[in-house]
Amino acid sequence: MGIIAVVVFLGIFAVIALSLVATAPANNSKQALAALDAVLKTEPDHLSRQQTLNLRKDEQVSSIPWLNKRLQQLDLVAWLHKLLSQAALNWSPGRLLTMTAVGLVLPPYVLYLSFHSLPLALAAGVVGGGLPVGLVAFKRSRRFAAFEKGLPEALDLMVSGLRAGHSLLAAIALVSKECQEPVRSEFKICFEEQNYGLELKTALDNLLGRVPLQDLKVAAAAILIQKESGGNLAEVLDKTAQVIRDRFRLRQQIKTHTAQGRITGWTLTLLPVVLGCAIYVVNPAMVSILWHRKIGIEMLWGASGLIVIGGFVINKIVSIDI
């Protein structure tokens with residue numbers, strides 16, 4: 001009886017094993033063919049097209065398709081993109097260029113139709129075209145000033161984290177959570193880049209590319225030198241924060257002492273322009289002689305050149321690098 005049970009078990013096992021061996025290549029071939037069909041499918045349906053993930057970073061230069069295609073071929077766009085990101089403005093380079101073009105064309109056209117004055121139209125074009133770029137530059141400088149003001153506090157927070165036993169990566173993560181903007185967002189990007197596998201030097205270089213400030217360069221150099229040579233990083237960052245505070249205090253003192261010179265420069269630069277516009281509004285016939293005669297045009301060009309040169313000279317005198 002036991003022999004019969006063993007024979008029946010072996011027979012059933014052999015039948016099942018042979019059936020599995022016989023059907024396995026067919027199943028594998030079916031799966032392989034199905035995978036190849038899915039990969040080589042030339043006309044995916046709408047649902048699969050929606051489910052396809054695009055892992056590339058698609059940065060639109062402009063919302064207008066033909067303008068976006070043209071602007072992506074220019075090297076200027078990368079610089080404008082960087083400038084807008086540093087100013088924390090949610091604009092595209094195409095929008096900035098469009099606003100600049102409109103400012104260059106529309107105000108001069110309206111003023112020329114109203115007053116028939118070519119110099120006034122040209123001045124309006126320069127002002128209107130420079131306003132968008134000036135706004136971006138103002139936003140950028142104000143954001144950099146806020147970053148520079150909050151950098152010593154961020155370094156102090158990193159020093160506290162390091163002295164508490166945290167690693168440098170954890171200290172940077174602490175800054176990305178606790179500090180104020182724009183320090184928090186910039187250090188958060190630096191932390192995420194390191195967290196995703198970039199080296200410390202590369203992440204700091206990217207941070208300096210986004211925020212090219214001298215004080216941040218000093219702090220980054222201190223961190224990299226400590227990494228190469230060793231030492232107490234908390235002490236190094238503490239001294240670096242003190243140096244940045246001293247530089248900031250000295251810069252504020254210099255601004256106070258040179259305030260009169262800067263106001264004088266702006267007054268001497270803008271006074272002829274404002275006075276000329278005011279006289280033109282009161283008596284257009286008297287001022288229009290300047291651009292209706294050859295000697296008047298030469299005087300205007302000479303006066304404009306002297307005003308620009310004087311403004312640059314005064315700015316060079318009152319600008320002191322620390």
# chains A, B, ... in the order shown; residues from 1 in each chain; ligands from 1
>>> residues_around(residues="stretch 79-85 of chain A", least_positions_apart="2", cutoff="10 Å", atoms="only C-alpha atoms", output="JSON, numbers by chain")
{"A": [59, 61, 74, 75, 76, 77, 87, 88, 89, 90, 91, 92, 93, 94, 96, 97, 133, 136, 137, 139, 140, 209, 210]}
>>> residues_around(residues="A:Pro108", least_positions_apart="4", cutoff="12 Å", atoms="only C-alpha atoms", output="list in words")
Ala101, Val102, Gly103, Leu104, Tyr112, Leu113, Ser114, Phe115, His116, Ser117, Leu118, Pro119, Leu120, Ala121, Leu122, Ala123, Ala124, Gly125, Val126, Val127, Gly128 and Gly129 of chain A
>>> write_last_selection(atoms="N, CA and C atoms", output="PDB file, in the first residue's frame")
ATOM      1  N   ALA A 101      10.389  96.110 -24.514  1.00  0.00           N
ATOM      2  CA  ALA A 101      10.108  96.569 -25.878  1.00  0.00           C
ATOM      3  C   ALA A 101       8.913  97.515 -25.917  1.00  0.00           C
ATOM      4  N   VAL A 102       7.870  97.178 -25.162  1.00  0.00           N
ATOM      5  CA  VAL A 102       6.697  98.064 -25.109  1.00  0.00           C
ATOM      6  C   VAL A 102       7.065  99.410 -24.499  1.00  0.00           C
ATOM      7  N   GLY A 103       7.881  99.393 -23.441  1.00  0.00           N
ATOM      8  CA  GLY A 103       8.312 100.649 -22.827  1.00  0.00           C
ATOM      9  C   GLY A 103       9.189 101.480 -23.744  1.00  0.00           C
ATOM     10  N   LEU A 104       9.949 100.835 -24.621  1.00  0.00           N
ATOM     11  CA  LEU A 104      10.799 101.565 -25.561  1.00  0.00           C
ATOM     12  C   LEU A 104      10.012 102.190 -26.701  1.00  0.00           C
ATOM     13  N   TYR A 112       5.497 111.757 -28.863  1.00  0.00           N
ATOM     14  CA  TYR A 112       5.831 112.421 -30.122  1.00  0.00           C
ATOM     15  C   TYR A 112       4.573 112.899 -30.849  1.00  0.00           C
ATOM     16  N   LEU A 113       3.493 112.105 -30.786  1.00  0.00           N
ATOM     17  CA  LEU A 113       2.241 112.543 -31.388  1.00  0.00           C
ATOM     18  C   LEU A 113       1.634 113.725 -30.636  1.00  0.00           C
ATOM     19  N   SER A 114       1.889 113.793 -29.319  1.00  0.00           N
ATOM     20  CA  SER A 114       1.291 114.858 -28.516  1.00  0.00           C
ATOM     21  C   SER A 114       2.079 116.160 -28.598  1.00  0.00           C
ATOM     22  N   PHE A 115       3.431 116.071 -28.493  1.00  0.00           N
ATOM     23  CA  PHE A 115       4.250 117.281 -28.398  1.00  0.00           C
ATOM     24  C   PHE A 115       5.151 117.511 -29.619  1.00  0.00           C
ATOM     25  N   HIS A 116       5.273 116.519 -30.503  1.00  0.00           N
ATOM     26  CA  HIS A 116       6.147 116.626 -31.687  1.00  0.00           C
ATOM     27  C   HIS A 116       7.573 116.999 -31.289  1.00  0.00           C
ATOM     28  N   SER A 117       8.043 116.371 -30.218  1.00  0.00           N
ATOM     29  CA  SER A 117       9.385 116.639 -29.707  1.00  0.00           C
ATOM     30  C   SER A 117      10.174 115.333 -29.725  1.00  0.00           C
ATOM     31  N   LEU A 118      11.182 115.269 -30.596  1.00  0.00           N
ATOM     32  CA  LEU A 118      11.987 114.060 -30.696  1.00  0.00           C
ATOM     33  C   LEU A 118      12.839 113.805 -29.458  1.00  0.00           C
ATOM     34  N   PRO A 119      13.529 114.807 -28.887  1.00  0.00           N
ATOM     35  CA  PRO A 119      14.306 114.546 -27.662  1.00  0.00           C
ATOM     36  C   PRO A 119      13.445 114.079 -26.496  1.00  0.00           C
ATOM     37  N   LEU A 120      12.263 114.686 -26.351  1.00  0.00           N
ATOM     38  CA  LEU A 120      11.379 114.255 -25.272  1.00  0.00           C
ATOM     39  C   LEU A 120      10.913 112.818 -25.491  1.00  0.00           C
ATOM     40  N   ALA A 121      10.640 112.461 -26.749  1.00  0.00           N
ATOM     41  CA  ALA A 121      10.224 111.078 -27.047  1.00  0.00           C
ATOM     42  C   ALA A 121      11.357 110.098 -26.787  1.00  0.00           C
ATOM     43  N   LEU A 122      12.583 110.474 -27.158  1.00  0.00           N
ATOM     44  CA  LEU A 122      13.723 109.589 -26.900  1.00  0.00           C
ATOM     45  C   LEU A 122      13.962 109.409 -25.403  1.00  0.00           C
ATOM     46  N   ALA A 123      13.842 110.507 -24.638  1.00  0.00           N
ATOM     47  CA  ALA A 123      14.005 110.395 -23.189  1.00  0.00           C
ATOM     48  C   ALA A 123      12.927 109.502 -22.578  1.00  0.00           C
ATOM     49  N   ALA A 124      11.682 109.629 -23.081  1.00  0.00           N
ATOM     50  CA  ALA A 124      10.608 108.771 -22.579  1.00  0.00           C
ATOM     51  C   ALA A 124      10.859 107.307 -22.932  1.00  0.00           C
ATOM     52  N   GLY A 125      11.444 107.063 -24.121  1.00  0.00           N
ATOM     53  CA  GLY A 125      11.766 105.688 -24.505  1.00  0.00           C
ATOM     54  C   GLY A 125      12.828 105.071 -23.615  1.00  0.00           C
ATOM     55  N   VAL A 126      13.851 105.876 -23.277  1.00  0.00           N
ATOM     56  CA  VAL A 126      14.903 105.369 -22.390  1.00  0.00           C
ATOM     57  C   VAL A 126      14.341 105.051 -21.013  1.00  0.00           C
ATOM     58  N   VAL A 127      13.499 105.948 -20.496  1.00  0.00           N
ATOM     59  CA  VAL A 127      12.915 105.731 -19.169  1.00  0.00           C
ATOM     60  C   VAL A 127      11.939 104.552 -19.185  1.00  0.00           C
ATOM     61  N   GLY A 128      11.061 104.516 -20.191  1.00  0.00           N
ATOM     62  CA  GLY A 128      10.071 103.432 -20.258  1.00  0.00           C
ATOM     63  C   GLY A 128      10.698 102.077 -20.484  1.00  0.00           C
ATOM     64  N   GLY A 129      11.742 102.015 -21.327  1.00  0.00           N
ATOM     65  CA  GLY A 129      12.411 100.735 -21.550  1.00  0.00           C
ATOM     66  C   GLY A 129      13.259 100.287 -20.386  1.00  0.00           C
TER      67      GLY A 129
END
>>> atom_distance(atom1="atom CA of A:Ala234", atom2="atom CA of A:Val159")
4.8 Å
>>> residues_around(residues="A:Leu213", least_positions_apart="3", cutoff="8 Å", atoms="only C-alpha atoms", output="count of residues only")
5
>>> closest_residue(among="A:Ile320, A:Ile225, A:Leu204, A:Cys277", to="A:Gln252", atoms="only C-alpha atoms")
A:Ile320
>>> atom_distance(atom1="atom CA of A:Gly197", atom2="atom CA of A:Ala241")
27.6 Å
>>> closest_atom_pairs(of="stretch 187-290 of chain A", to="stretch 297-316 of chain A", cutoff="9 Å", atoms="only C-alpha atoms", output="Markdown table")
| residue | atom | partner | partner_atom | distance |
| --- | --- | --- | --- | --- |
| A:Gly261 | CA | A:Ile314 | CA | 7.4 |
| A:Arg262 | CA | A:Asn315 | CA | 7.0 |
| A:Thr264 | CA | A:Ile314 | CA | 8.4 |
| A:Gly265 | CA | A:Ile314 | CA | 5.7 |
| A:Trp266 | CA | A:Gly311 | CA | 7.4 |
| A:Leu268 | CA | A:Gly311 | CA | 7.8 |
| A:Thr269 | CA | A:Ile307 | CA | 5.8 |
| A:Leu270 | CA | A:Ile307 | CA | 8.7 |
| A:Pro272 | CA | A:Ile307 | CA | 8.5 |
| A:Leu290 | CA | A:Ile297 | CA | 5.8 |
>>> write_last_selection(atoms="C-alpha atoms", output="PDB file, in the first residue's frame")
ATOM      1  CA  GLY A 261      28.262 113.092  -1.569  1.00  0.00           C
ATOM      2  CA  ARG A 262      25.704 110.655  -2.994  1.00  0.00           C
ATOM      3  CA  THR A 264      25.068 115.812  -4.315  1.00  0.00           C
ATOM      4  CA  GLY A 265      25.756 113.451  -7.204  1.00  0.00           C
ATOM      5  CA  TRP A 266      22.081 112.676  -7.760  1.00  0.00           C
ATOM      6  CA  LEU A 268      23.798 117.496 -10.016  1.00  0.00           C
ATOM      7  CA  THR A 269      22.854 114.671 -12.393  1.00  0.00           C
ATOM      8  CA  LEU A 270      19.071 115.104 -12.350  1.00  0.00           C
ATOM      9  CA  PRO A 272      19.631 119.822 -15.559  1.00  0.00           C
ATOM     10  CA  LEU A 290      18.186 123.547 -29.027  1.00  0.00           C
TER      11      LEU A 290
END
>>> atom_distance(atom1="atom CA of A:Gln214", atom2="atom CA of A:Asp246")
13.4 Å
>>> residues_around(residues="A:Ala171", least_positions_apart="4", cutoff="9 Å", atoms="only C-alpha atoms", output="JSON, numbers by chain")
{"A": [157, 158, 159, 160, 161, 162, 166, 167, 175, 176]}
>>> residues_around(residues="A:Leu207", least_positions_apart="6", cutoff="9 Å", atoms="only C-alpha atoms", output="ChimeraX atom specification")
/A:186-187,189-190,216
>>> decode(residues="stretch 190-238 of chain A", atoms="C-alpha atoms", output="mmCIF file, in the first residue's frame")
data_model
loop_
_atom_site.group_PDB
_atom_site.id
_atom_site.type_symbol
_atom_site.label_atom_id
_atom_site.label_comp_id
_atom_site.auth_asym_id
_atom_site.auth_seq_id
_atom_site.Cartn_x
_atom_site.Cartn_y
_atom_site.Cartn_z
ATOM 1 C CA CYS A 190 21.708 73.794 -0.864
ATOM 2 C CA PHE A 191 20.562 71.162 1.673
ATOM 3 C CA GLU A 192 18.404 69.354 -0.900
ATOM 4 C CA GLU A 193 21.255 69.268 -3.411
ATOM 5 C CA GLN A 194 23.537 67.637 -0.847
ATOM 6 C CA ASN A 195 20.765 65.330 0.298
ATOM 7 C CA TYR A 196 20.303 64.107 -3.272
ATOM 8 C CA GLY A 197 23.973 63.298 -3.755
ATOM 9 C CA LEU A 198 25.871 66.418 -4.786
ATOM 10 C CA GLU A 199 29.197 67.123 -3.155
ATOM 11 C CA LEU A 200 29.475 69.907 -0.614
ATOM 12 C CA LYS A 201 31.725 71.985 -2.867
ATOM 13 C CA THR A 202 29.316 71.721 -5.792
ATOM 14 C CA ALA A 203 26.330 72.649 -3.636
ATOM 15 C CA LEU A 204 28.176 75.668 -2.214
ATOM 16 C CA ASP A 205 29.279 76.729 -5.705
ATOM 17 C CA ASN A 206 25.648 76.599 -6.823
ATOM 18 C CA LEU A 207 24.659 78.658 -3.782
ATOM 19 C CA LEU A 208 27.299 81.265 -4.669
ATOM 20 C CA GLY A 209 26.026 81.288 -8.243
ATOM 21 C CA ARG A 210 22.534 82.142 -7.026
ATOM 22 C CA VAL A 211 23.702 84.633 -4.360
ATOM 23 C CA PRO A 212 27.080 86.110 -5.418
ATOM 24 C CA LEU A 213 27.836 88.018 -2.213
ATOM 25 C CA GLN A 214 31.291 88.578 -0.768
ATOM 26 C CA ASP A 215 30.214 87.651 2.768
ATOM 27 C CA LEU A 216 28.780 84.345 1.568
ATOM 28 C CA LYS A 217 32.002 83.655 -0.345
ATOM 29 C CA VAL A 218 33.923 84.124 2.917
ATOM 30 C CA ALA A 219 31.653 81.668 4.744
ATOM 31 C CA ALA A 220 31.812 79.095 1.921
ATOM 32 C CA ALA A 221 35.607 79.366 1.751
ATOM 33 C CA ALA A 222 35.832 78.844 5.522
ATOM 34 C CA ILE A 223 33.691 75.698 5.309
ATOM 35 C CA LEU A 224 35.667 74.226 2.399
ATOM 36 C CA ILE A 225 39.048 75.013 3.972
ATOM 37 C CA GLN A 226 37.948 73.372 7.228
ATOM 38 C CA LYS A 227 36.786 70.318 5.294
ATOM 39 C CA GLU A 228 40.179 69.963 3.613
ATOM 40 C CA SER A 229 42.440 70.777 6.569
ATOM 41 C CA GLY A 230 40.260 69.844 9.554
ATOM 42 C CA GLY A 231 39.699 71.777 12.748
ATOM 43 C CA ASN A 232 36.837 73.133 14.790
ATOM 44 C CA LEU A 233 34.187 74.133 12.251
ATOM 45 C CA ALA A 234 31.982 75.740 14.891
ATOM 46 C CA GLU A 235 34.803 78.059 15.935
ATOM 47 C CA VAL A 236 35.601 78.898 12.303
ATOM 48 C CA LEU A 237 31.980 79.778 11.531
ATOM 49 C CA ASP A 238 31.705 81.794 14.729
#
